[in-house]
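Undergrad: Just dropping this structure here.
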Amino acid sequence: MDITRRGALGLLGATTGWVFLLPSVSRKTALAQDADGWRHGTSLFGDLKYAPGFKHFDYVNPDAPKGGRVRLGAIGGFDSLNPYTYKGRPAGLMGLTIDTLTTPSYDEPSAAYGLIAEAVKFPDDYSQVTYRLRPEARFHDGTPITPEDVIFSMEMLKKVDPAYAGYYRNVVRGEKTGDHEVTFHFDEKGNRELPNITGQLPVLPKHWWEGKDASGKPRDLGATTLEAPLGSGPYRVDKVNPGRSITFKRVEDYWAKDLPVNIGKHNFDEVVLEYFLDPTVALEAFKGDQFDWRVENSARAWATAYDTPAVKRGDIVREEFTFDEPAGMQAFAFNLRRDKFSDPRVRRAFNLAFDFEWANKTLFYGLYKRLDSYFANSELAATGLPEGRELELLEGLRDQIPPEVFTTPYTNPVNDKPGAQREHLRQAMELLREAGWEIDKGVLRNKAGEAMTVEFLIADPNFERVVLPYVQALKRLGIQASVRTVDTSQYKSRVDNFDFDIITHRWGQSLSPGNEQRDFWGSEAADQSGSQNVVGIKNPAIDALINKVIYAESREDLVAATRALDRVLLWNHYVVPQWYSPSDRTARWNRFGHPEKMPKYQVGFPTIWWYDPEKAATIKKQG
């Protein structure tokens with residue numbers, strides 16, 4: 001599937017509007033191949049849409065003009081230009097500077113085509129994969145991209161970043177098998193994703209990273225740095241104002257600009273990323289024309305904050321986009337490394353205390369839906385009771401999973417009538433008593449006399465309005481809850497090192513979950529600093545179901561295994577599910593053009609958009 005946290009592209013997906021999920025890849029590989037087994041790409045659902053020799057993707061404008069500037073916004077700051085380590089706060093959009101072996105298509109689910117690699121092949125048992133590199137592929141200093149660079153990238157990224165270590169855990173060795181060929185060997189057979197997700201690998205320049213910086217110090221891929229790394233992609237770092245802004249300039253002689261996968265893309269001469277410490281300030285900056293594009297994550301702001309002259313004139317365009325992708329899971333996530341959260345009855349009690357319906361009506365203007373699945377809004381979500389292949393998988397784990405998996409469809413508490421919240425709090429208190437907690441003089445204590453104290457760690461002050469009413473509900477149960485708001489640097493450090501009680505976390509998903517699930521929920525990732533298993537799940541049954549997902553041999557098997565995994569995650573009550581929006585809410589200054597036919601799976605801004613000087617001139621006159 002994908003690496004959703006950083007990968008090669010940085011931290012800023014929701015803030016900037018760029019879609020940073022690395023493409024999920026095939027369960028059933030594209031059939032088109034030459035006599036020697038070489039393929040020009042891979043696909044999830046059978047044959048690729050685009051045949052060998054295609055001219056360009058259907059959703060681009062091949063004649064899109066080049067030029068102009070686009071300004072994006074982000075919250076927080078950065079202290080590093082190295083996005084390949086979990087240490088520090090890397091600047092966003094650094095993936096613009098580096099190419100990968102393959103690149104995704106936006107109008108096919110989980111399809112990828114050759115970029116640095118012109119072709120790929122692998123045996124029927126999926127025990128290895130070979131990439132044939134394009135001889136013309138170059139880094140920005142003119143140095144050819146070689147098999148040695150590819151092998152170095154795999155080895156070092158696994159070494160310095162736990163996300164890559166988990167994702168490519170089964171890649172045990174890289175081998176140069178020709179002047180322009182590299183082969184990755186796997187420690188197992190039958191893992192259908194492995195020959196494909198290796199194509200998502202950002203290829204780093206070995207000679208640069210093994211060299212010395214301007215001060216004569218050896219470079220370190222695992223350390224933070226404000227030296228712009230040498231890249232190979234369509235943009236290079238141009239200007240840096242540490243912590244505040246970064247500007248990327250289009251590479252005029254970019255080696256891959258005329259490849260079919262890049263025609264009509266990367267049209268802006270400059271891409272600027274501006275940082276703001278406060279979301280409210282960022283919104284006002286956008287309305288003041290200090291940046292151009294915004295994904296609006298606040299329902300309140302979407303409903304109330306855009307009643308401005310610029311919107312009324314049409315200078316600012318508000319538009320919602322809907323895509324056929326899973327919503328993923330956003331939730332209040334418990335830290336199971338704390339003993340007080342070890343009992344699932346305690347965790348369920350927290351869900352019973354959360355009043356989503358009140359929050360949606362009062363705070364969110366009714367714009368959200370409650371999440372009841374880790375794969376909501378897709379066929380991968382568990383519904384009803386398990387049956388068929390899914391039931392078979394769960395039967396083999398019956399003694400290791402909650403019995404409710406087999407008897408009761410999972411539901412969140414719903415406060416849809418008077419008295420519902422009171423009843424849910426009563427049920428929560430019963431569960432807490434069953435788990436050994438009692439109220440003593442207004443304070444919930446366990447048998448050892450220890451009080452239940454809980455801290456919600458957040459980085460966005462605006463989120464306090466959501467958490468504080470929840471805190472008050474928990475206090476009615478005797479839980480001493482509080483909110484700690486910290487800056488983004490401290491927040492990231494504490495989350496990476498699992499130093500929290502409860503946080504809000506989001507796990508993005510695709511239509512083809514796979515190896516990344518190990519980093520999300522796998523036992524091995526629970527003790528790896530910086531992993532996405534922030535909950536600290538160590539559950540052999542979940543490990544087994546993750547493997548069923550990874551080794552699924554058909555789409556039907558994948559859906560069944562994913563639903564089974566979803567159901568077991570839900571019934572263990574590892575999180576209190578929050579909400580999702582059925583559409584992406586976007587606002588932009590109306591100075592851009594986009595293809596007449598837009599892609600199905602993402603908006604593609606600004607990758608396939610372009611600067612329109614006529615629209616820009618109109619805004620200037622009116623402004």
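Residues are named by chain letter and number: chains run A, B, ... in the order of the structure tokens, numbers start at 1 in each chain, and ligands are numbered from 1 in the order shown.
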Within 10 Å of range 490-510 of chain A, which residues of range 540-586 of chain A show up? Give each one with its shortest atom-to-atom distance in Å (one decimal) and the two atoms involved, counting only C-alpha atoms, rows by chain then rising residue number, as JSON lines.
TA:
```
{"residue": "A:Val575", "atom": "CA", "partner": "A:Ile502", "partner_atom": "CA", "distance": 9.2}
{"residue": "A:Val576", "atom": "CA", "partner": "A:Thr504", "partner_atom": "CA", "distance": 9.3}
{"residue": "A:Pro577", "atom": "CA", "partner": "A:Thr504", "partner_atom": "CA", "distance": 9.6}
{"residue": "A:Gln578", "atom": "CA", "partner": "A:Thr504", "partner_atom": "CA", "distance": 8.8}
```
Undergrad: What residues in range 127-266 of chain A get the DSSP label helix (DSSP H, G or I)? Please answer as an mmCIF file with N, CA and C atoms, in the first residue's frame.
TA:
```cif
data_model
loop_
_atom_site.group_PDB
_atom_site.id
_atom_site.type_symbol
_atom_site.label_atom_id
_atom_site.label_comp_id
_atom_site.auth_asym_id
_atom_site.auth_seq_id
_atom_site.Cartn_x
_atom_site.Cartn_y
_atom_site.Cartn_z
ATOM 1 N N PRO A 147 22.723 1.273 -10.133
ATOM 2 C CA PRO A 147 22.257 0.242 -9.200
ATOM 3 C C PRO A 147 22.827 0.421 -7.800
ATOM 4 N N GLU A 148 24.058 0.918 -7.720
ATOM 5 C CA GLU A 148 24.652 1.145 -6.402
ATOM 6 C C GLU A 148 23.850 2.172 -5.593
ATOM 7 N N ASP A 149 23.329 3.193 -6.269
ATOM 8 C CA ASP A 149 22.505 4.183 -5.572
ATOM 9 C C ASP A 149 21.215 3.545 -5.051
ATOM 10 N N VAL A 150 20.631 2.666 -5.853
ATOM 11 C CA VAL A 150 19.378 2.017 -5.452
ATOM 12 C C VAL A 150 19.614 1.118 -4.243
ATOM 13 N N ILE A 151 20.681 0.344 -4.283
ATOM 14 C CA ILE A 151 20.984 -0.564 -3.172
ATOM 15 C C ILE A 151 21.287 0.237 -1.904
ATOM 16 N N PHE A 152 22.071 1.289 -2.050
ATOM 17 C CA PHE A 152 22.388 2.163 -0.922
ATOM 18 C C PHE A 152 21.116 2.732 -0.300
ATOM 19 N N SER A 153 20.187 3.163 -1.141
ATOM 20 C CA SER A 153 18.951 3.773 -0.652
ATOM 21 C C SER A 153 18.144 2.794 0.176
ATOM 22 N N MET A 154 18.005 1.580 -0.322
ATOM 23 C CA MET A 154 17.248 0.574 0.413
ATOM 24 C C MET A 154 17.899 0.272 1.750
ATOM 25 N N GLU A 155 19.182 0.053 1.741
ATOM 26 C CA GLU A 155 19.869 -0.325 2.971
ATOM 27 C C GLU A 155 19.833 0.803 4.002
ATOM 28 N N MET A 156 20.080 2.018 3.566
ATOM 29 C CA MET A 156 20.181 3.120 4.514
ATOM 30 C C MET A 156 18.816 3.579 5.024
ATOM 31 N N LEU A 157 17.814 3.598 4.157
ATOM 32 C CA LEU A 157 16.485 4.011 4.623
ATOM 33 C C LEU A 157 15.938 3.030 5.650
ATOM 34 N N LYS A 158 16.195 1.749 5.463
ATOM 35 C CA LYS A 158 15.780 0.763 6.459
ATOM 36 C C LYS A 158 16.532 0.969 7.769
ATOM 37 N N LYS A 159 17.740 1.443 7.673
ATOM 38 C CA LYS A 159 18.567 1.618 8.864
ATOM 39 C C LYS A 159 18.142 2.824 9.688
ATOM 40 N N VAL A 160 17.761 3.920 9.028
ATOM 41 C CA VAL A 160 17.550 5.169 9.759
ATOM 42 C C VAL A 160 16.092 5.477 10.063
ATOM 43 N N PRO A 162 12.273 3.751 11.057
ATOM 44 C CA PRO A 162 11.515 2.537 11.367
ATOM 45 C C PRO A 162 10.362 2.286 10.409
ATOM 46 N N ALA A 163 9.811 3.340 9.784
ATOM 47 C CA ALA A 163 8.730 3.132 8.827
ATOM 48 C C ALA A 163 9.230 2.334 7.627
ATOM 49 N N TYR A 164 10.376 2.715 7.103
ATOM 50 C CA TYR A 164 10.956 1.964 5.991
ATOM 51 C C TYR A 164 11.424 0.584 6.442
ATOM 52 N N ALA A 165 11.949 0.505 7.672
ATOM 53 C CA ALA A 165 12.418 -0.784 8.174
ATOM 54 C C ALA A 165 11.290 -1.803 8.225
ATOM 55 N N GLY A 166 10.114 -1.345 8.657
ATOM 56 C CA GLY A 166 8.979 -2.253 8.701
ATOM 57 C C GLY A 166 8.414 -2.543 7.328
ATOM 58 N N TYR A 167 8.340 -1.520 6.510
ATOM 59 C CA TYR A 167 7.741 -1.645 5.178
ATOM 60 C C TYR A 167 8.542 -2.600 4.303
ATOM 61 N N LEU A 194 5.653 -7.253 -2.397
ATOM 62 C CA LEU A 194 7.066 -6.903 -2.363
ATOM 63 C C LEU A 194 7.657 -6.544 -3.727
ATOM 64 N N PRO A 195 7.343 -7.289 -4.812
ATOM 65 C CA PRO A 195 7.939 -6.892 -6.087
ATOM 66 C C PRO A 195 7.428 -5.546 -6.590
ATOM 67 N N ASN A 196 6.443 -5.002 -5.910
ATOM 68 C CA ASN A 196 5.827 -3.771 -6.376
ATOM 69 C C ASN A 196 6.131 -2.579 -5.482
ATOM 70 N N ILE A 197 6.024 -2.759 -4.174
ATOM 71 C CA ILE A 197 6.248 -1.616 -3.289
ATOM 72 C C ILE A 197 7.707 -1.182 -3.289
ATOM 73 N N THR A 198 8.606 -2.044 -3.704
ATOM 74 C CA THR A 198 9.995 -1.607 -3.840
ATOM 75 C C THR A 198 10.119 -0.507 -4.884
ATOM 76 N N GLY A 199 9.159 -0.438 -5.805
ATOM 77 C CA GLY A 199 9.186 0.621 -6.807
ATOM 78 C C GLY A 199 8.933 1.996 -6.212
ATOM 79 N N GLN A 200 8.392 2.061 -5.004
ATOM 80 C CA GLN A 200 8.144 3.338 -4.335
ATOM 81 C C GLN A 200 9.396 3.902 -3.685
ATOM 82 N N LYS A 206 24.244 8.029 -3.554
ATOM 83 C CA LYS A 206 25.197 7.448 -2.620
ATOM 84 C C LYS A 206 26.429 8.332 -2.478
ATOM 85 N N HIS A 207 26.953 8.844 -3.585
ATOM 86 C CA HIS A 207 28.191 9.620 -3.525
ATOM 87 C C HIS A 207 28.020 10.887 -2.708
ATOM 88 N N TRP A 208 26.825 11.452 -2.722
ATOM 89 C CA TRP A 208 26.592 12.690 -1.964
ATOM 90 C C TRP A 208 26.460 12.401 -0.480
ATOM 91 N N TRP A 209 25.660 11.406 -0.129
ATOM 92 C CA TRP A 209 25.445 11.116 1.283
ATOM 93 C C TRP A 209 26.687 10.533 1.952
#
```
Undergrad: List as JSON, numbers by chain the protein and nucleic acid residues near Arg347 in chain A, meaning an atom at most 8 Å away when only C-alpha atoms are counted, but skip any in the same chain fewer than 3 places from it.
TA: {"A": [334, 341, 343, 344, 350, 351, 573, 574, 575, 576]}
Undergrad: Between CA of Arg244 in chain A and CA of Thr225 in chain A, what is the distance in Å, rounded to a tenth?
TA: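 CA of Arg244 in chain A sits 15.5 Å away from CA of Thr225 in chain A.
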Undergrad: Contacts of Gln472 in chain A at 8 Å or less, counting only C-alpha atoms, minus same-chain residues fewer than 4 places along, as a ChimeraX atom specification?
TA: /A:468,476,481
Undergrad: Could you give me, as JSON lines, every range 137-207 of chain A residue with an atom at most 12 Å from range 546-557 of chain A, plus its closest atom pair and distance in Å to one decimal, counting only C-alpha atoms, rows ordered by chain then number?
TA:
```
{"residue": "A:Tyr167", "atom": "CA", "partner": "A:Ile550", "partner_atom": "CA", "distance": 11.1}
{"residue": "A:Asn170", "atom": "CA", "partner": "A:Ile550", "partner_atom": "CA", "distance": 11.6}
{"residue": "A:Glu188", "atom": "CA", "partner": "A:Tyr551", "partner_atom": "CA", "distance": 10.5}
{"residue": "A:Lys189", "atom": "CA", "partner": "A:Tyr551", "partner_atom": "CA", "distance": 9.2}
{"residue": "A:Gly190", "atom": "CA", "partner": "A:Tyr551", "partner_atom": "CA", "distance": 6.3}
{"residue": "A:Asn191", "atom": "CA", "partner": "A:Tyr551", "partner_atom": "CA", "distance": 5.2}
{"residue": "A:Arg192", "atom": "CA", "partner": "A:Tyr551", "partner_atom": "CA", "distance": 6.6}
{"residue": "A:Glu193", "atom": "CA", "partner": "A:Ile550", "partner_atom": "CA", "distance": 7.1}
{"residue": "A:Leu194", "atom": "CA", "partner": "A:Ile550", "partner_atom": "CA", "distance": 9.3}
{"residue": "A:Ile197", "atom": "CA", "partner": "A:Ile550", "partner_atom": "CA", "distance": 11.8}
```
Undergrad: Between CA of Asn590 in chain A and CA of Thr280 in chain A, what is the spacing in Å?
TA: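 Between CA of Thr280 in chain A and CA of Asn590 in chain A the gap is 21.7 Å.
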Undergrad: Compare A:Tyr470, A:Phe406, A:Trp38, A:Phe364 by their minimum atom-to-atom distance to Arg300 in chain A, counting only C-alpha atoms, and give me the closest one.
TA: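 Closest residue, counting only C-alpha atoms: A:Phe364.
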Undergrad: I'd like to know which of A:Asn377, A:Arg348, A:Phe54, A:Val467 is closest to Met429 in chain A, using only C-alpha atoms.
TA: A:Arg348
